[in-house]
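Participant: Dropping in final_35.cif, which is mmCIF, C-alpha atoms and all ligand atoms:
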data_model
#
loop_
_atom_site.label_atom_id
_atom_site.label_comp_id
_atom_site.auth_asym_id
_atom_site.auth_seq_id
_atom_site.Cartn_x
_atom_site.Cartn_y
_atom_site.Cartn_z
CA MET A 1 -6.18 -12.61 13.96
CA THR A 2 -7.44 -16.05 14.73
CA ASP A 3 -8.81 -15.31 18.18
CA ASN A 4 -11.57 -13.06 16.86
CA THR A 5 -14.43 -15.50 17.28
CA ASN A 6 -17.73 -14.86 15.59
CA GLU A 7 -19.26 -14.08 18.95
CA LYS A 8 -16.58 -11.47 19.66
CA LEU A 9 -16.95 -9.97 16.18
CA LEU A 10 -20.72 -9.69 16.61
CA LYS A 11 -20.23 -7.84 19.89
CA ILE A 12 -17.77 -5.44 18.24
CA ALA A 13 -19.99 -4.94 15.19
CA ASP A 14 -22.86 -4.03 17.49
CA ASN A 15 -21.06 -0.76 18.26
CA PHE A 16 -21.51 0.47 14.69
CA PRO A 17 -24.78 1.70 13.19
CA PHE A 18 -25.05 -1.11 10.61
CA LYS A 19 -28.48 -1.36 8.97
CA GLY A 20 -30.69 -4.31 9.91
CA GLU A 21 -29.56 -7.63 11.30
CA ILE A 22 -26.07 -9.08 10.81
CA ILE A 23 -26.22 -12.38 8.91
CA GLU A 24 -22.52 -12.99 8.28
CA ILE A 25 -19.05 -11.74 9.23
CA LYS A 26 -16.12 -13.20 7.30
CA ARG A 27 -12.45 -12.40 6.72
CA THR A 28 -11.72 -10.64 3.45
CA GLY A 29 -8.83 -9.17 1.46
CA SER A 30 -5.17 -10.05 1.50
CA GLY A 31 -3.63 -7.03 3.21
CA HIS A 32 -0.65 -7.66 5.49
CA ILE A 33 -1.44 -5.16 8.20
CA ASN A 34 -5.01 -4.87 9.44
CA SER A 35 -7.50 -7.69 10.00
CA THR A 36 -10.35 -7.01 7.60
CA TYR A 37 -13.87 -8.47 7.75
CA LEU A 38 -16.85 -8.21 5.44
CA VAL A 39 -20.08 -7.76 7.38
CA THR A 40 -23.35 -8.60 5.64
CA CYS A 41 -26.61 -7.37 7.12
CA THR A 42 -30.20 -7.73 6.02
CA ASP A 43 -33.11 -5.37 6.46
CA SER A 44 -36.55 -6.05 4.92
CA ASN A 45 -34.95 -8.50 2.49
CA VAL A 46 -32.34 -5.98 1.32
CA ASN A 47 -28.67 -6.75 2.03
CA TYR A 48 -26.17 -4.12 3.21
CA GLN A 49 -22.44 -4.72 3.45
CA TYR A 50 -19.71 -3.10 5.50
CA ILE A 51 -16.00 -3.46 6.14
CA LEU A 52 -15.05 -3.96 9.79
CA GLN A 53 -11.34 -3.59 10.42
CA LEU A 54 -9.09 -4.22 13.38
CA ILE A 55 -6.41 -1.53 13.29
CA ASN A 56 -3.05 -3.26 13.76
CA PRO A 57 -1.85 -2.07 17.19
CA THR A 58 1.82 -2.91 16.57
CA VAL A 59 1.90 -0.76 13.46
CA PHE A 60 -0.40 2.11 14.42
CA LYS A 61 0.31 3.35 17.90
CA LYS A 62 -1.90 6.46 17.73
CA PRO A 63 -5.39 5.54 16.45
CA ASP A 64 -6.72 9.08 17.03
CA GLU A 65 -4.11 10.56 14.72
CA LEU A 66 -4.58 7.77 12.20
CA MET A 67 -8.34 8.26 12.07
CA SER A 68 -7.98 12.04 11.95
CA ASN A 69 -5.91 11.63 8.76
CA VAL A 70 -8.34 9.15 7.23
CA MET A 71 -11.42 11.25 8.06
CA ASN A 72 -9.91 14.50 6.81
CA VAL A 73 -8.50 13.00 3.64
CA THR A 74 -11.73 11.19 2.74
CA SER A 75 -13.86 14.28 3.30
CA PHE A 76 -11.44 16.39 1.22
CA LEU A 77 -11.53 13.77 -1.55
CA ARG A 78 -15.32 13.61 -1.36
CA ASN A 79 -15.55 17.31 -2.25
CA LYS A 80 -13.04 16.96 -5.08
CA ILE A 81 -14.90 13.96 -6.51
CA ILE A 82 -18.19 15.88 -6.46
CA LEU A 83 -16.50 18.81 -8.22
CA ASP A 84 -15.18 16.35 -10.83
CA GLY A 85 -18.74 15.05 -11.36
CA GLY A 86 -17.84 11.66 -9.83
CA ASN A 87 -19.58 9.42 -7.33
CA PRO A 88 -18.11 9.95 -3.85
CA GLU A 89 -19.78 6.82 -2.45
CA ARG A 90 -17.75 4.74 -4.88
CA GLU A 91 -14.61 6.73 -5.54
CA THR A 92 -13.44 7.08 -1.97
CA LEU A 93 -13.96 5.35 1.36
CA THR A 94 -16.92 6.32 3.53
CA PHE A 95 -16.20 5.51 7.13
CA LEU A 96 -18.82 5.14 9.86
CA TYR A 97 -18.75 6.68 13.32
CA THR A 98 -19.64 4.31 16.17
CA LYS A 99 -23.06 4.55 17.79
CA ASP A 100 -21.53 6.88 20.38
CA SER A 101 -19.97 9.08 17.69
CA SER A 102 -16.37 7.94 17.94
CA PRO A 103 -14.23 7.31 14.81
CA TYR A 104 -13.30 3.87 16.17
CA TYR A 105 -14.37 1.42 18.84
CA ARG A 106 -11.93 0.26 21.50
CA ASP A 107 -12.70 -3.29 22.64
CA GLU A 108 -12.15 -4.74 26.12
CA ASP A 109 -8.59 -5.81 25.16
CA GLY A 110 -7.75 -2.27 24.10
CA ALA A 111 -7.80 -3.07 20.37
CA CYS A 112 -9.28 -0.45 18.02
CA TRP A 113 -11.85 -1.22 15.34
CA ARG A 114 -13.26 0.92 12.55
CA ALA A 115 -15.91 0.47 9.90
CA TYR A 116 -16.44 1.58 6.29
CA ASN A 117 -19.21 1.12 3.80
CA TYR A 118 -18.29 -1.86 1.67
CA ILE A 119 -17.89 -0.79 -1.93
CA GLY A 120 -19.75 -3.38 -4.00
CA ALA A 121 -19.26 -4.84 -7.47
CA CYS A 122 -15.49 -4.56 -7.22
CA THR A 123 -12.43 -6.73 -6.98
CA THR A 124 -8.77 -6.37 -6.06
CA TYR A 125 -5.70 -7.99 -7.61
CA ASP A 126 -2.48 -9.05 -5.92
CA LYS A 127 -0.34 -8.57 -9.03
CA GLY A 128 -0.40 -6.52 -12.21
CA ASP A 129 -1.01 -9.40 -14.66
CA ASP A 130 -1.57 -7.29 -17.75
CA PRO A 131 -0.61 -3.85 -19.07
CA ILE A 132 -4.17 -2.51 -19.03
CA LYS A 133 -4.61 -3.31 -15.35
CA MET A 134 -1.27 -1.70 -14.58
CA MET A 135 -2.06 1.42 -16.55
CA ARG A 136 -5.42 1.77 -14.82
CA SER A 137 -3.94 1.27 -11.37
CA ALA A 138 -1.30 3.93 -12.08
CA LYS A 139 -3.93 6.35 -13.33
CA ALA A 140 -6.03 5.81 -10.21
CA PHE A 141 -3.08 6.66 -7.97
CA GLY A 142 -2.20 9.58 -10.26
CA VAL A 143 -5.72 10.98 -9.93
CA PHE A 144 -5.56 10.40 -6.17
CA GLN A 145 -2.35 12.42 -5.93
CA LYS A 146 -3.75 15.15 -8.15
CA ARG A 147 -6.89 15.49 -6.04
CA LEU A 148 -4.76 15.85 -2.93
CA ALA A 149 -2.28 18.29 -4.48
CA ASP A 150 -3.74 21.24 -2.54
CA TYR A 151 -4.53 19.31 0.62
CA PRO A 152 -3.23 21.20 3.69
CA ILE A 153 -0.17 19.06 4.26
CA ASP A 154 0.44 20.36 7.79
CA ASN A 155 -2.85 18.78 8.88
CA LEU A 156 -1.46 15.32 8.33
CA PHE A 157 0.01 13.28 11.16
CA GLU A 158 2.97 11.09 10.35
CA THR A 159 1.24 7.77 11.11
CA ILE A 160 4.42 5.72 10.68
CA PRO A 161 7.53 7.86 11.14
CA ASN A 162 10.28 7.36 8.55
CA PHE A 163 8.04 5.04 6.56
CA HIS A 164 9.99 5.32 3.31
CA ASN A 165 13.25 6.47 4.82
CA THR A 166 15.36 3.71 3.29
CA PRO A 167 18.52 4.43 5.35
CA ALA A 168 16.38 4.15 8.50
CA ARG A 169 15.09 0.80 7.17
CA TYR A 170 18.72 -0.32 6.84
CA ASP A 171 19.33 0.75 10.45
CA GLN A 172 16.38 -1.41 11.50
CA LEU A 173 17.84 -4.33 9.56
CA LYS A 174 21.21 -3.92 11.26
CA GLU A 175 19.53 -3.81 14.66
CA ALA A 176 17.61 -6.98 13.81
CA ILE A 177 20.88 -8.66 12.75
CA ALA A 178 22.54 -7.64 16.00
CA ASN A 179 19.59 -8.85 18.13
CA ASN A 180 18.84 -12.01 16.16
CA ALA A 181 15.63 -12.29 18.20
CA SER A 182 14.32 -15.20 16.13
CA GLY A 183 17.61 -17.11 16.05
CA ARG A 184 17.27 -17.24 12.25
CA LEU A 185 20.42 -15.31 11.36
CA ASP A 186 22.23 -18.28 9.82
CA MET A 187 19.32 -18.89 7.45
CA VAL A 188 19.63 -15.48 5.81
CA ARG A 189 23.35 -14.81 5.32
CA GLU A 190 22.92 -14.56 1.55
CA GLU A 191 19.99 -12.15 1.78
CA ILE A 192 21.88 -9.95 4.25
CA GLU A 193 24.85 -9.85 1.92
CA PHE A 194 22.56 -8.88 -0.96
CA ALA A 195 20.95 -6.09 1.06
CA LEU A 196 24.24 -4.68 2.33
CA SER A 197 25.79 -4.72 -1.15
CA ARG A 198 23.08 -2.23 -2.23
CA GLU A 199 23.23 0.01 0.82
CA LYS A 200 24.95 2.79 -1.13
CA ASP A 201 21.70 3.32 -3.05
CA ALA A 202 19.57 3.67 0.06
CA SER A 203 20.09 7.38 0.68
CA LYS A 204 19.77 8.73 -2.87
CA LEU A 205 16.21 10.06 -2.49
CA THR A 206 16.50 11.13 1.15
CA ASP A 207 19.66 13.07 0.22
CA MET A 208 17.75 14.78 -2.59
CA ILE A 209 15.02 15.73 -0.12
CA LYS A 210 17.64 17.28 2.17
CA SER A 211 19.19 19.26 -0.66
CA GLY A 212 15.77 20.49 -1.81
CA ASP A 213 16.00 18.61 -5.10
CA LEU A 214 12.74 16.71 -4.69
CA PRO A 215 9.41 18.25 -3.63
CA ILE A 216 7.44 16.89 -0.69
CA ARG A 217 3.84 16.15 -1.65
CA VAL A 218 0.81 14.50 -0.08
CA THR A 219 1.29 10.90 -1.13
CA HIS A 220 -0.36 7.54 -0.51
CA ASN A 221 2.84 5.67 0.31
CA ASP A 222 1.38 2.17 -0.09
CA THR A 223 0.40 1.99 -3.74
CA LYS A 224 0.29 -1.77 -3.84
CA ILE A 225 -2.03 -2.90 -6.60
CA ASN A 226 -4.44 -4.48 -4.10
CA ASN A 227 -4.98 -1.07 -2.56
CA VAL A 228 -7.06 -0.01 -5.54
CA LEU A 229 -10.53 -1.32 -6.30
CA PHE A 230 -11.40 -2.42 -9.86
CA ASP A 231 -14.98 -2.34 -11.14
CA LEU A 232 -16.30 -5.86 -11.74
CA ILE A 233 -18.08 -4.84 -14.92
CA THR A 234 -15.85 -2.24 -16.58
CA ASN A 235 -12.59 -3.39 -14.92
CA GLU A 236 -11.71 0.30 -14.41
CA ALA A 237 -9.61 1.12 -11.33
CA PHE A 238 -11.98 3.50 -9.58
CA CYS A 239 -11.11 3.80 -5.90
CA VAL A 240 -7.88 4.06 -3.94
CA ILE A 241 -8.19 2.48 -0.49
CA ASP A 242 -5.94 1.74 2.51
CA LEU A 243 -5.38 5.38 3.43
CA ASP A 244 -3.44 4.68 6.63
CA THR A 245 -0.14 5.87 5.23
CA VAL A 246 -1.31 9.02 3.44
CA MET A 247 1.42 11.35 4.64
CA PRO A 248 3.89 13.89 3.31
CA GLY A 249 6.15 11.95 0.94
CA LEU A 250 7.59 11.72 -2.55
CA SER A 251 5.62 11.02 -5.70
CA LEU A 252 8.46 8.59 -6.40
CA TYR A 253 7.47 6.48 -3.41
CA ASP A 254 4.05 6.01 -4.99
CA PHE A 255 5.40 5.32 -8.45
CA GLY A 256 8.14 2.96 -7.23
CA ASP A 257 5.88 0.92 -4.99
CA GLY A 258 3.34 0.54 -7.79
CA ILE A 259 6.06 -1.12 -9.88
CA ARG A 260 7.30 -3.21 -6.98
CA SER A 261 3.88 -4.66 -6.33
CA GLY A 262 2.56 -4.90 -9.87
CA ALA A 263 5.29 -5.39 -12.43
CA ALA A 264 6.25 -8.97 -11.59
CA THR A 265 4.99 -12.13 -13.24
CA ALA A 266 3.90 -13.80 -9.98
CA ASP A 267 2.65 -12.91 -6.50
CA GLU A 268 4.90 -11.24 -3.96
CA ASP A 269 5.03 -14.51 -2.02
CA GLU A 270 5.71 -16.89 -4.91
CA GLN A 271 7.99 -19.67 -3.62
CA ASP A 272 9.24 -20.73 -7.04
CA LEU A 273 11.58 -17.91 -8.00
CA ASP A 274 11.74 -19.18 -11.59
CA LYS A 275 8.13 -18.04 -11.94
CA PHE A 276 8.82 -14.62 -10.45
CA ASN A 277 10.30 -12.21 -13.00
CA PHE A 278 10.25 -8.52 -13.79
CA ASP A 279 8.04 -7.66 -16.75
CA LEU A 280 9.31 -4.60 -18.59
CA ASN A 281 6.02 -4.14 -20.44
CA LEU A 282 4.18 -3.87 -17.12
CA TYR A 283 6.69 -1.19 -16.10
CA TYR A 284 6.03 0.76 -19.30
CA ALA A 285 2.25 0.49 -18.89
CA TYR A 286 2.43 1.74 -15.31
CA ALA A 287 4.78 4.58 -16.26
CA GLU A 288 2.48 5.60 -19.09
CA GLY A 289 -0.60 5.59 -16.84
CA PHE A 290 1.17 7.50 -14.08
CA LEU A 291 2.58 10.11 -16.47
CA SER A 292 -0.77 10.59 -18.19
CA GLU A 293 -2.03 12.05 -14.90
CA ALA A 294 1.12 13.43 -13.32
CA ALA A 295 3.47 14.60 -16.12
CA THR A 296 2.65 18.29 -15.94
CA ALA A 297 3.02 18.40 -12.16
CA LEU A 298 6.29 16.47 -11.97
CA THR A 299 9.73 18.07 -11.84
CA GLN A 300 12.54 16.86 -14.07
CA ASN A 301 14.29 15.33 -11.04
CA GLU A 302 11.21 13.31 -10.27
CA VAL A 303 10.93 12.02 -13.84
CA ASP A 304 14.65 11.23 -13.99
CA ASN A 305 14.35 9.06 -10.87
CA MET A 306 11.21 7.09 -11.71
CA ALA A 307 13.07 3.97 -12.82
CA PHE A 308 15.44 4.24 -9.87
CA SER A 309 12.50 4.56 -7.46
CA ALA A 310 11.16 1.22 -8.69
CA LYS A 311 14.44 -0.38 -7.67
CA LEU A 312 14.65 1.49 -4.37
CA MET A 313 11.10 0.76 -3.22
CA THR A 314 11.58 -2.92 -4.06
CA LEU A 315 14.91 -3.06 -2.22
CA GLU A 316 13.39 -1.28 0.77
CA CYS A 317 10.46 -3.67 0.93
CA GLY A 318 12.77 -6.68 0.71
CA VAL A 319 14.84 -5.21 3.55
CA ARG A 320 11.65 -4.77 5.61
CA PHE A 321 10.57 -8.40 5.04
CA LEU A 322 14.06 -9.60 5.96
CA THR A 323 14.07 -7.45 9.10
CA ASP A 324 10.69 -8.81 10.16
CA PHE A 325 11.83 -12.39 9.52
CA LEU A 326 14.84 -11.79 11.78
CA ASN A 327 12.67 -10.12 14.40
CA GLY A 328 10.36 -13.15 14.52
CA ASP A 329 7.47 -11.87 12.31
CA VAL A 330 6.20 -9.10 14.53
CA TYR A 331 5.03 -6.66 11.82
CA PHE A 332 3.63 -8.25 8.63
CA GLY A 333 0.85 -10.81 8.80
CA ILE A 334 2.18 -14.26 7.83
CA LYS A 335 0.54 -17.56 6.89
CA TYR A 336 3.52 -19.87 7.56
CA PRO A 337 6.87 -19.50 9.36
CA GLU A 338 9.02 -18.69 6.31
CA HIS A 339 6.53 -16.36 4.66
CA ASN A 340 8.55 -13.19 5.22
CA LEU A 341 11.72 -14.84 3.92
CA VAL A 342 9.90 -15.98 0.78
CA ARG A 343 8.64 -12.42 0.28
CA CYS A 344 12.13 -11.02 0.82
CA ARG A 345 13.54 -13.36 -1.83
CA THR A 346 11.02 -12.31 -4.48
CA GLN A 347 11.77 -8.65 -3.78
CA PHE A 348 15.53 -9.15 -4.08
CA LYS A 349 15.11 -11.08 -7.32
CA LEU A 350 13.04 -8.19 -8.65
CA VAL A 351 15.76 -5.72 -7.64
CA ARG A 352 18.33 -7.75 -9.56
CA GLU A 353 16.16 -7.81 -12.68
CA ILE A 354 15.30 -4.12 -12.46
CA GLU A 355 19.03 -3.37 -12.25
CA LYS A 356 19.59 -5.29 -15.50
CA ASN A 357 16.89 -3.28 -17.25
CA MET A 358 17.70 0.12 -15.76
CA ASP A 359 19.07 1.77 -18.94
CA GLU A 360 16.10 0.73 -21.02
CA MET A 361 13.69 1.79 -18.27
CA ASN A 362 15.29 5.23 -18.07
CA GLU A 363 15.22 5.73 -21.82
CA LYS A 364 11.63 4.63 -22.19
CA THR A 365 10.48 6.70 -19.19
CA ALA A 366 11.99 9.83 -20.76
CA GLU A 367 10.22 9.06 -24.02
CA LEU A 368 6.87 8.43 -22.29
CA TYR A 369 7.30 11.69 -20.41
CA ARG A 370 7.90 13.67 -23.61
CA ARG A 371 4.87 12.03 -25.17
CA ALA A 372 2.66 12.69 -22.13
CA LEU A 373 3.61 16.39 -22.20
CA LEU A 374 2.77 16.64 -25.90
CA GLU A 375 -0.63 15.10 -25.29
CA LYS A 376 -1.52 17.69 -22.63
P1 LIG B 401 -4.42 -3.70 4.93
O1 LIG B 401 -3.93 -2.46 5.59
O2 LIG B 401 -4.31 -4.90 5.79
O3 LIG B 401 -3.78 -3.87 3.60
P2 LIG B 401 -6.79 -2.77 3.48
O4 LIG B 401 -7.46 -1.55 4.03
O5 LIG B 401 -5.97 -2.62 2.28
O6 LIG B 401 -5.98 -3.49 4.69
O7 LIG B 401 -7.94 -3.84 3.21
C1 LIG B 401 -7.63 -5.18 2.85
C2 LIG B 401 -8.48 -5.60 1.66
O8 LIG B 401 -9.88 -5.51 2.00
C3 LIG B 401 -8.32 -4.74 0.40
O9 LIG B 401 -7.23 -5.15 -0.41
C4 LIG B 401 -9.68 -4.96 -0.29
O10 LIG B 401 -9.66 -6.18 -1.00
C5 LIG B 401 -10.65 -5.10 0.87
N1 LIG B 401 -11.34 -3.82 1.23
C6 LIG B 401 -10.96 -2.95 2.19
N2 LIG B 401 -11.81 -1.91 2.28
C7 LIG B 401 -12.77 -2.10 1.36
C8 LIG B 401 -13.97 -1.40 0.99
N3 LIG B 401 -14.36 -0.27 1.61
N4 LIG B 401 -14.74 -1.90 0.01
C9 LIG B 401 -14.37 -3.04 -0.63
N5 LIG B 401 -13.27 -3.78 -0.29
C10 LIG B 401 -12.47 -3.32 0.68
C1 LIG B 402 1.86 -3.64 3.59
O1 LIG B 402 -1.14 -2.98 4.17
P1 LIG B 402 -0.71 -3.55 2.88
O2 LIG B 402 -0.79 -5.02 2.84
O3 LIG B 402 -1.45 -2.86 1.77
C2 LIG B 402 2.75 -2.49 4.04
C3 LIG B 402 3.45 -1.88 2.84
C4 LIG B 402 4.27 -2.95 2.12
C5 LIG B 402 3.35 -4.09 1.73
C6 LIG B 402 4.12 -5.24 1.14
C7 LIG B 402 1.43 0.02 6.53
O4 LIG B 402 0.84 -3.14 2.74
O5 LIG B 402 4.30 -0.84 3.25
O6 LIG B 402 4.89 -2.42 0.98
O7 LIG B 402 2.64 -4.60 2.90
N1 LIG B 402 1.94 -1.48 4.73
C8 LIG B 402 2.34 -0.95 5.89
O8 LIG B 402 3.25 -6.13 0.55
O9 LIG B 402 3.42 -1.24 6.42
MG MG B 403 -3.87 -2.82 1.91
#
With the file now loaded, output its structure as structure tokens.
Facilitator:
Amino acid sequence: MTDNTNEKLLKIADNFPFKGEIIEIKRTGSGHINSTYLVTCTDSNVNYQYILQLINPTVFKKPDELMSNVMNVTSFLRNKIILDGGNPERETLTFLYTKDSSPYYRDEDGACWRAYNYIGACTTYDKGDDPIKMMRSAKAFGVFQKRLADYPIDNLFETIPNFHNTPARYDQLKEAIANNASGRLDMVREEIEFALSREKDASKLTDMIKSGDLPIRVTHNDTKINNVLFDLITNEAFCVIDLDTVMPGLSLYDFGDGIRSGAATADEDEQDLDKFNFDLNLYYAYAEGFLSEAATALTQNEVDNMAFSAKLMTLECGVRFLTDFLNGDVYFGIKYPEHNLVRCRTQFKLVREIEKNMDEMNEKTAELYRRALLEK
């Protein structure tokens, strides 16, 4: 958000118990939803850093429920990490109450802000780049899911209803086409045709949920590679962040979105589609990492649909970008007017390439699964 002046940010930051005096507040990260700032403070020549985040009001209508999920999940994870002999300050988020003990601060415009300890000596990546990175990211999300396997699922609020309900995403696209709020309909005829030609695939997983053929688990639901922190020294993926969409879901949503966001040769918003391709080796690395943590917990139906979920999550995301483009960019943060269309095009190209590789992906996934079980 551009209208958050430094003066305004300082006033907001003053509501949190940051140590010492604030010396800098600057935008950080490349998330599409919240506005994220890195706050640096100094106290007796020691620097302390925090994340200050504006919760996107269009996306998250109920900040109390959102923060209840985040607080409960992080404190549950904290205990698990301690039991595993890990470092809870580094392996999960530590959020800060405001000075008057609220989980977020509501500013004079009604916008809600929250703060976390900044986790230092780390970096995030916007694409998978190499098999090791992919494998580590998948393992981190696998460990995350494992640690939450006995989380009391009924305690979770659905922060974004129907988040990965692909048929509902198609309904939203059709509504956007009918409304044409942005007047851009003529620019996207080809993309609409592409999306509609794949609509028959949209309900495969939701149908399997209805028939009891896939188990509902506590899942992250936004396993984009830049939602995991990598250690600057060891380059291990050590902390899963962006917990806003931790909700009941399918393990396949987490697997599929990891592929969508990591297994391409260029960024999600690459304008030159010739540079944006699916990399089968990155798929294999992610599948191997995921299965190394999850194989024993997964059902055969889950394993059999891993490759399909990569296609479905990519298709769904492309449909969401297209919908937002038609709606006039009301949901995802954009840097230029055609940003959402560019993102939609990369996703649809990835879908096409995944489709071409589907048989090989299925075969290799089955082999990796057998191997992962043998290694347990
Ligand atoms: P969004 O919902 O917009 O994606 P995120 O919560 O993912 O927001 O944060 C955006 C980026 O900010 C992350 O990709 C990461 O680079 C950085 N970030 C967020 N929280 C932390 C943290 N506690 N420590 C270090 N970096 C963080
Ligand atoms: C958003 O918040 P961020 O940038 O990690 C979105 C995901 C999309 C992703 C596409 C809450 O993720 O669902 O897959 O953009 N998050 C939300 O890049 O809608
Ligand atoms: Mg994020």
Participant: Provide the atom CA of Glu293 of chain A to atom CA of Ser261 of chain A distance in Å, to one decimal place.
Facilitator: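 Value for the atom CA of Glu293 of chain A-atom CA of Ser261 of chain A distance: 19.7 Å.
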Participant: So that I can check the surroundings of Tyr283 of chain A, please list as JSON, numbers by chain every protein, DNA and RNA residue that reaches within 7 Å of it, counting only C-alpha atoms and ignoring chain neighbours fewer than 3 positions away.
Facilitator: {"A": [259, 263, 279, 280, 286, 287]}
Participant: Using C-alpha atoms, can you write the selected residues to a file as a CSV table (one decimal), in the frame of the given file?
Facilitator:
chain,number,residue,atom,x,y,z
A,259,ILE,CA,6.1,-1.1,-9.9
A,263,ALA,CA,5.3,-5.4,-12.4
A,279,ASP,CA,8.0,-7.7,-16.8
A,280,LEU,CA,9.3,-4.6,-18.6
A,286,TYR,CA,2.4,1.7,-15.3
A,287,ALA,CA,4.8,4.6,-16.3
Participant: List every residue of chain A that has an atom at most 10 Å from any atom of ligand LIG 402 (chain B), giving for each one its closest atom pair and the distance in Å to one decimal, counting all atoms listed in the file, sorted by chain and then by ascending residue number, as a tab-separated table.
Facilitator:
residue	atom	partner	partner_atom	distance
A:Gly29	CA	B:LIG402	O2	9.2
A:Ser30	CA	B:LIG402	O2	6.8
A:Gly31	CA	B:LIG402	O2	3.5
A:His32	CA	B:LIG402	O2	3.7
A:Ile33	CA	B:LIG402	O1	4.6
A:Asn34	CA	B:LIG402	O1	6.8
A:Ser35	CA	B:LIG402	O1	9.8
A:Asn56	CA	B:LIG402	C7	9.1
A:Val59	CA	B:LIG402	C7	7.0
A:Phe60	CA	B:LIG402	C7	8.4
A:Asp126	CA	B:LIG402	O8	9.1
A:Thr159	CA	B:LIG402	C7	9.0
A:Ile160	CA	B:LIG402	C7	7.7
A:Phe163	CA	B:LIG402	O5	7.7
A:His164	CA	B:LIG402	O5	8.4
A:Asn221	CA	B:LIG402	O5	7.3
A:Asp222	CA	B:LIG402	O5	5.4
A:Thr223	CA	B:LIG402	O3	7.6
A:Lys224	CA	B:LIG402	O3	6.0
A:Ile225	CA	B:LIG402	O3	8.4
A:Asn226	CA	B:LIG402	O3	6.8
A:Asn227	CA	B:LIG402	O3	5.9
A:Val228	CA	B:LIG402	O3	9.6
A:Ile241	CA	B:LIG402	O3	8.9
A:Asp242	CA	B:LIG402	O3	6.5
A:Leu243	CA	B:LIG402	C7	9.2
A:Asp244	CA	B:LIG402	C7	6.7
A:Thr245	CA	B:LIG402	C7	6.2
A:Val246	CA	B:LIG402	C7	9.9
A:Asp257	CA	B:LIG402	O6	6.9
A:Gly258	CA	B:LIG402	O6	9.4
A:Arg260	CA	B:LIG402	O6	8.4
A:Ser261	CA	B:LIG402	O8	7.1
A:Asp267	CA	B:LIG402	O8	9.8
A:Glu268	CA	B:LIG402	O8	7.0
A:Asp269	CA	B:LIG402	O8	8.9
A:Met313	CA	B:LIG402	O6	8.1
A:Thr314	CA	B:LIG402	O6	8.4
A:Glu316	CA	B:LIG402	O6	8.6
A:Cys317	CA	B:LIG402	O6	5.7
A:Gly318	CA	B:LIG402	C6	8.8
A:Arg320	CA	B:LIG402	C4	8.4
A:Phe321	CA	B:LIG402	C6	8.2
A:Tyr331	CA	B:LIG402	O9	7.8
A:Phe332	CA	B:LIG402	O7	6.9
A:Gly333	CA	B:LIG402	O2	8.5
A:Asn340	CA	B:LIG402	C6	10.0
A:Arg343	CA	B:LIG402	O8	8.3
A:Cys344	CA	B:LIG402	C6	9.9
A:Gln347	CA	B:LIG402	C6	9.7
Participant: Extract, using all atoms listed in the file, all DNA, RNA and protein residues at most 8 Å from Ala366 of chain A, discarding same-chain residues fewer than 4 positions from it, and format them as a list in words.
Facilitator: Val303, Asp304, Asn362 and Arg370 of chain A
Participant: Would you output that residue set with C-alpha atoms, as an mmCIF file, keeping the file's coordinate frame?
Facilitator:
data_model
loop_
_atom_site.group_PDB
_atom_site.id
_atom_site.type_symbol
_atom_site.label_atom_id
_atom_site.label_comp_id
_atom_site.auth_asym_id
_atom_site.auth_seq_id
_atom_site.Cartn_x
_atom_site.Cartn_y
_atom_site.Cartn_z
ATOM 1 C CA VAL A 303 10.930 12.020 -13.840
ATOM 2 C CA ASP A 304 14.650 11.230 -13.990
ATOM 3 C CA ASN A 362 15.290 5.230 -18.070
ATOM 4 C CA ARG A 370 7.900 13.670 -23.610
#
Participant: Rounded to one decimal place, report the atom CA of Leu312 of chain A-atom CA of Lys139 of chain A distance in Å.
Facilitator: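 Straight-line distance from atom CA of Leu312 of chain A to atom CA of Lys139 of chain A works out to 21.2 Å.
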Participant: Neighbours of segment 74-83 of chain A within 12 Å (all atoms listed in the file; same-chain residues fewer than 4 positions away dropped), as number ranges by chain?
Facilitator: A: 67-70, 87-96, 116, 143-153, 155, 238-244, 246
Participant: Rounded to one decimal, what separation in Å do you get between atom CA of Ala138 of chain A and atom CA of Ala285 of chain A?
Facilitator: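 Spanning atom CA of Ala138 of chain A to atom CA of Ala285 of chain A is a straight-line distance of 8.4 Å.
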